[in-house]
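See below for the structure under consideration.
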Amino acid sequence: MKKLVSLLAVTAMFFTIILSSFATEAPVNILGEQGDPANITPSMDQSLVNQWWYWYPEGVTEDDANYTVVDGTKADGTTGKLYQAAHPTPTTGWTKYVVSADKLKPNTKYRFQAWVKVDKDVNWSSPAGQGSWISTDAKGATKVIPLGFQDKDVWNLLKLEFTTPAEVKDVALYWQFEATGGTSWAYDFKLVEWYEGIDASSQAPTS
């Protein structure tokens, strides 16, 4: 009996080693704690290039928008911090985060994603206008369809991919808003290395 138990123990250890060799670590969120609204402080200070901030185009009067962090219900039903952009009147603005080149690898594909939701008042600013969406200044990035009133009160996981060049440069990431008014929420901003089967992964990127 003892020999059988020992044999089973050795066998179990063998399979554990084999399985662990095939295991992959959860992708790391390059944005770190800045991807969580709980760690974001909305600001009008444009000098904060490495933090999320709100900006309005030069020459345009500051609107009556309210950018803040609130408690709310997330897509999975849990309660947590959400980034809220409330626009009583038509406006265009965005939050921005600059990822320095030293945090990226050359010739590598990345995914930028976030959970975003809008209310019924987020109408498009024009027939071909925008709503609420994420974007980047990285060349060749895939496009995201902006959320409008047709997506009201439903969380949407917005995601885009881009590939870095041989000579890596800083990359700017945006959560943008252009509409006739309304409120939009977002949370769980992530930037991770893209990999085959990323959408089927059961593990969310860690901070």
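Numbering starts fresh at 1 for the residues of each chain in the structure tokens, the chains themselves are lettered A, B, ... in the order given, and ligands are numbered from 1 as they appear.
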With only C-alpha atoms counted and 10 Å as the cut-off, give the residues of region 162-191 of chain A in contact with region 69-91 of chain A, each with its shortest interatomic distance in Å and the pair that gives it, as a tab-separated table.
```
residue	atom	partner	partner_atom	distance
A:Gln176	CA	A:Ala85	CA	9.8
A:Phe177	CA	A:Thr91	CA	7.7
A:Glu178	CA	A:Thr91	CA	5.9
A:Ala179	CA	A:Pro90	CA	5.7
A:Thr180	CA	A:Pro90	CA	3.9
A:Gly181	CA	A:Thr89	CA	4.7
A:Gly182	CA	A:His87	CA	5.1
A:Thr183	CA	A:Ala86	CA	4.2
A:Ser184	CA	A:Ala85	CA	5.3
A:Trp185	CA	A:Gln84	CA	4.5
A:Ala186	CA	A:Tyr83	CA	5.2
A:Tyr187	CA	A:Leu82	CA	5.3
A:Asp188	CA	A:Leu82	CA	8.6
```
Please produce a file of those selected residues containing N, CA, C and O atoms, as a PDB file, in the first residue's frame.
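out_9.pdb was written with the following content:
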```pdb
ATOM      1  N   GLN A 176     -12.494  58.980 -25.447  1.00  0.00           N
ATOM      2  CA  GLN A 176     -12.999  60.204 -26.059  1.00  0.00           C
ATOM      3  C   GLN A 176     -14.523  60.321 -25.968  1.00  0.00           C
ATOM      4  O   GLN A 176     -15.235  59.329 -25.816  1.00  0.00           O
ATOM      5  N   PHE A 177     -14.990  61.556 -26.078  1.00  0.00           N
ATOM      6  CA  PHE A 177     -16.415  61.840 -26.002  1.00  0.00           C
ATOM      7  C   PHE A 177     -16.734  63.001 -26.937  1.00  0.00           C
ATOM      8  O   PHE A 177     -16.143  64.063 -26.846  1.00  0.00           O
ATOM      9  N   GLU A 178     -17.662  62.761 -27.856  1.00  0.00           N
ATOM     10  CA  GLU A 178     -18.116  63.817 -28.759  1.00  0.00           C
ATOM     11  C   GLU A 178     -19.597  63.575 -29.032  1.00  0.00           C
ATOM     12  O   GLU A 178     -19.964  62.648 -29.743  1.00  0.00           O
ATOM     13  N   ALA A 179     -20.439  64.381 -28.446  1.00  0.00           N
ATOM     14  CA  ALA A 179     -21.873  64.133 -28.586  1.00  0.00           C
ATOM     15  C   ALA A 179     -22.675  65.375 -28.222  1.00  0.00           C
ATOM     16  O   ALA A 179     -22.117  66.404 -27.833  1.00  0.00           O
ATOM     17  N   THR A 180     -23.982  65.261 -28.338  1.00  0.00           N
ATOM     18  CA  THR A 180     -24.861  66.391 -28.063  1.00  0.00           C
ATOM     19  C   THR A 180     -25.185  66.523 -26.586  1.00  0.00           C
ATOM     20  O   THR A 180     -25.932  67.402 -26.195  1.00  0.00           O
ATOM     21  N   GLY A 181     -24.634  65.666 -25.776  1.00  0.00           N
ATOM     22  CA  GLY A 181     -24.892  65.714 -24.351  1.00  0.00           C
ATOM     23  C   GLY A 181     -24.959  64.313 -23.778  1.00  0.00           C
ATOM     24  O   GLY A 181     -24.691  63.335 -24.473  1.00  0.00           O
ATOM     25  N   GLY A 182     -25.321  64.212 -22.492  1.00  0.00           N
ATOM     26  CA  GLY A 182     -25.455  62.909 -21.872  1.00  0.00           C
ATOM     27  C   GLY A 182     -24.280  62.562 -20.978  1.00  0.00           C
ATOM     28  O   GLY A 182     -23.389  63.376 -20.738  1.00  0.00           O
ATOM     29  N   THR A 183     -24.278  61.322 -20.490  1.00  0.00           N
ATOM     30  CA  THR A 183     -23.263  60.862 -19.551  1.00  0.00           C
ATOM     31  C   THR A 183     -22.667  59.542 -20.017  1.00  0.00           C
ATOM     32  O   THR A 183     -23.359  58.684 -20.538  1.00  0.00           O
ATOM     33  N   SER A 184     -21.365  59.408 -19.836  1.00  0.00           N
ATOM     34  CA  SER A 184     -20.671  58.168 -20.173  1.00  0.00           C
ATOM     35  C   SER A 184     -19.822  57.742 -18.982  1.00  0.00           C
ATOM     36  O   SER A 184     -19.331  58.580 -18.224  1.00  0.00           O
ATOM     37  N   TRP A 185     -19.680  56.421 -18.832  1.00  0.00           N
ATOM     38  CA  TRP A 185     -18.870  55.871 -17.753  1.00  0.00           C
ATOM     39  C   TRP A 185     -17.850  54.905 -18.329  1.00  0.00           C
ATOM     40  O   TRP A 185     -18.064  54.317 -19.393  1.00  0.00           O
ATOM     41  N   ALA A 186     -16.738  54.722 -17.634  1.00  0.00           N
ATOM     42  CA  ALA A 186     -15.715  53.776 -18.087  1.00  0.00           C
ATOM     43  C   ALA A 186     -14.912  53.285 -16.888  1.00  0.00           C
ATOM     44  O   ALA A 186     -14.823  53.957 -15.852  1.00  0.00           O
ATOM     45  N   TYR A 187     -14.339  52.097 -17.051  1.00  0.00           N
ATOM     46  CA  TYR A 187     -13.458  51.557 -16.011  1.00  0.00           C
ATOM     47  C   TYR A 187     -12.614  50.435 -16.604  1.00  0.00           C
ATOM     48  O   TYR A 187     -12.815  50.020 -17.740  1.00  0.00           O
ATOM     49  N   ASP A 188     -11.680  49.950 -15.830  1.00  0.00           N
ATOM     50  CA  ASP A 188     -10.849  48.803 -16.200  1.00  0.00           C
ATOM     51  C   ASP A 188     -10.096  49.035 -17.515  1.00  0.00           C
ATOM     52  O   ASP A 188     -10.149  48.206 -18.428  1.00  0.00           O
TER      53      ASP A 188
END
```
* Asked: Using the chain letters and numbers from this document, which residues of region 124-167 of chain A does DSSP assign to strand (DSSP E), as a list in words?
  -> Ser132, Trp133, Ile134, Ser135, Thr136, Asn156, Leu157, Leu158, Lys159, Leu160, Glu161, Phe162 and Thr163 of chain A
* **Nearest to Ala38 (chain A) by atom-to-atom distance, counting only C-alpha atoms, from A:Ala26, A:Phe189, A:Gly197, A:Thr95** =>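 Using only C-alpha atoms, the shortest distance to Ala38 (chain A) belongs to A:Phe189.
We find CA of Val168 (chain A) and CA of Pro106 (chain A) to be spaced 5.5 Å apart.
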* To do: List the neighbours of Thr108 (chain A) out to 8 Å using only C-alpha atoms; skip same-chain residues closer than 4 positions along the sequence, and give me the result as a list of chain:residue names.
  =>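 What passes the distance filter is A:Thr163, A:Thr164, A:Pro165, A:Glu193.
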May I have the residues from that selection written out with C-alpha atoms, as a PDB file, in the first residue's frame?
```pdb
ATOM      1  CA  THR A 163       1.616  46.848 -33.518  1.00  0.00           C
ATOM      2  CA  THR A 164       4.685  48.790 -32.461  1.00  0.00           C
ATOM      3  CA  PRO A 165       7.359  49.628 -35.083  1.00  0.00           C
ATOM      4  CA  GLU A 193       0.488  42.298 -25.141  1.00  0.00           C
TER       5      GLU A 193
END
```
* To do: Find the spatial neighbours of Tyr174 (chain A), counting only C-alpha atoms, within a cut-off of 8 Å - ignore same-chain residues fewer than 2 positions away - and output them as a list in words.
  => Trp94, Thr95, Lys96, Tyr97, Ile134, Ser135, Thr136, Ala172 and Gln176 of chain A
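Across the structure, CA of Glu196 (chain A) and CA of Trp155 (chain A) are spaced 24.7 Å apart.
A straight line drawn from CA of Trp194 (chain A) to CA of Ile30 (chain A) is 12.0 Å long.
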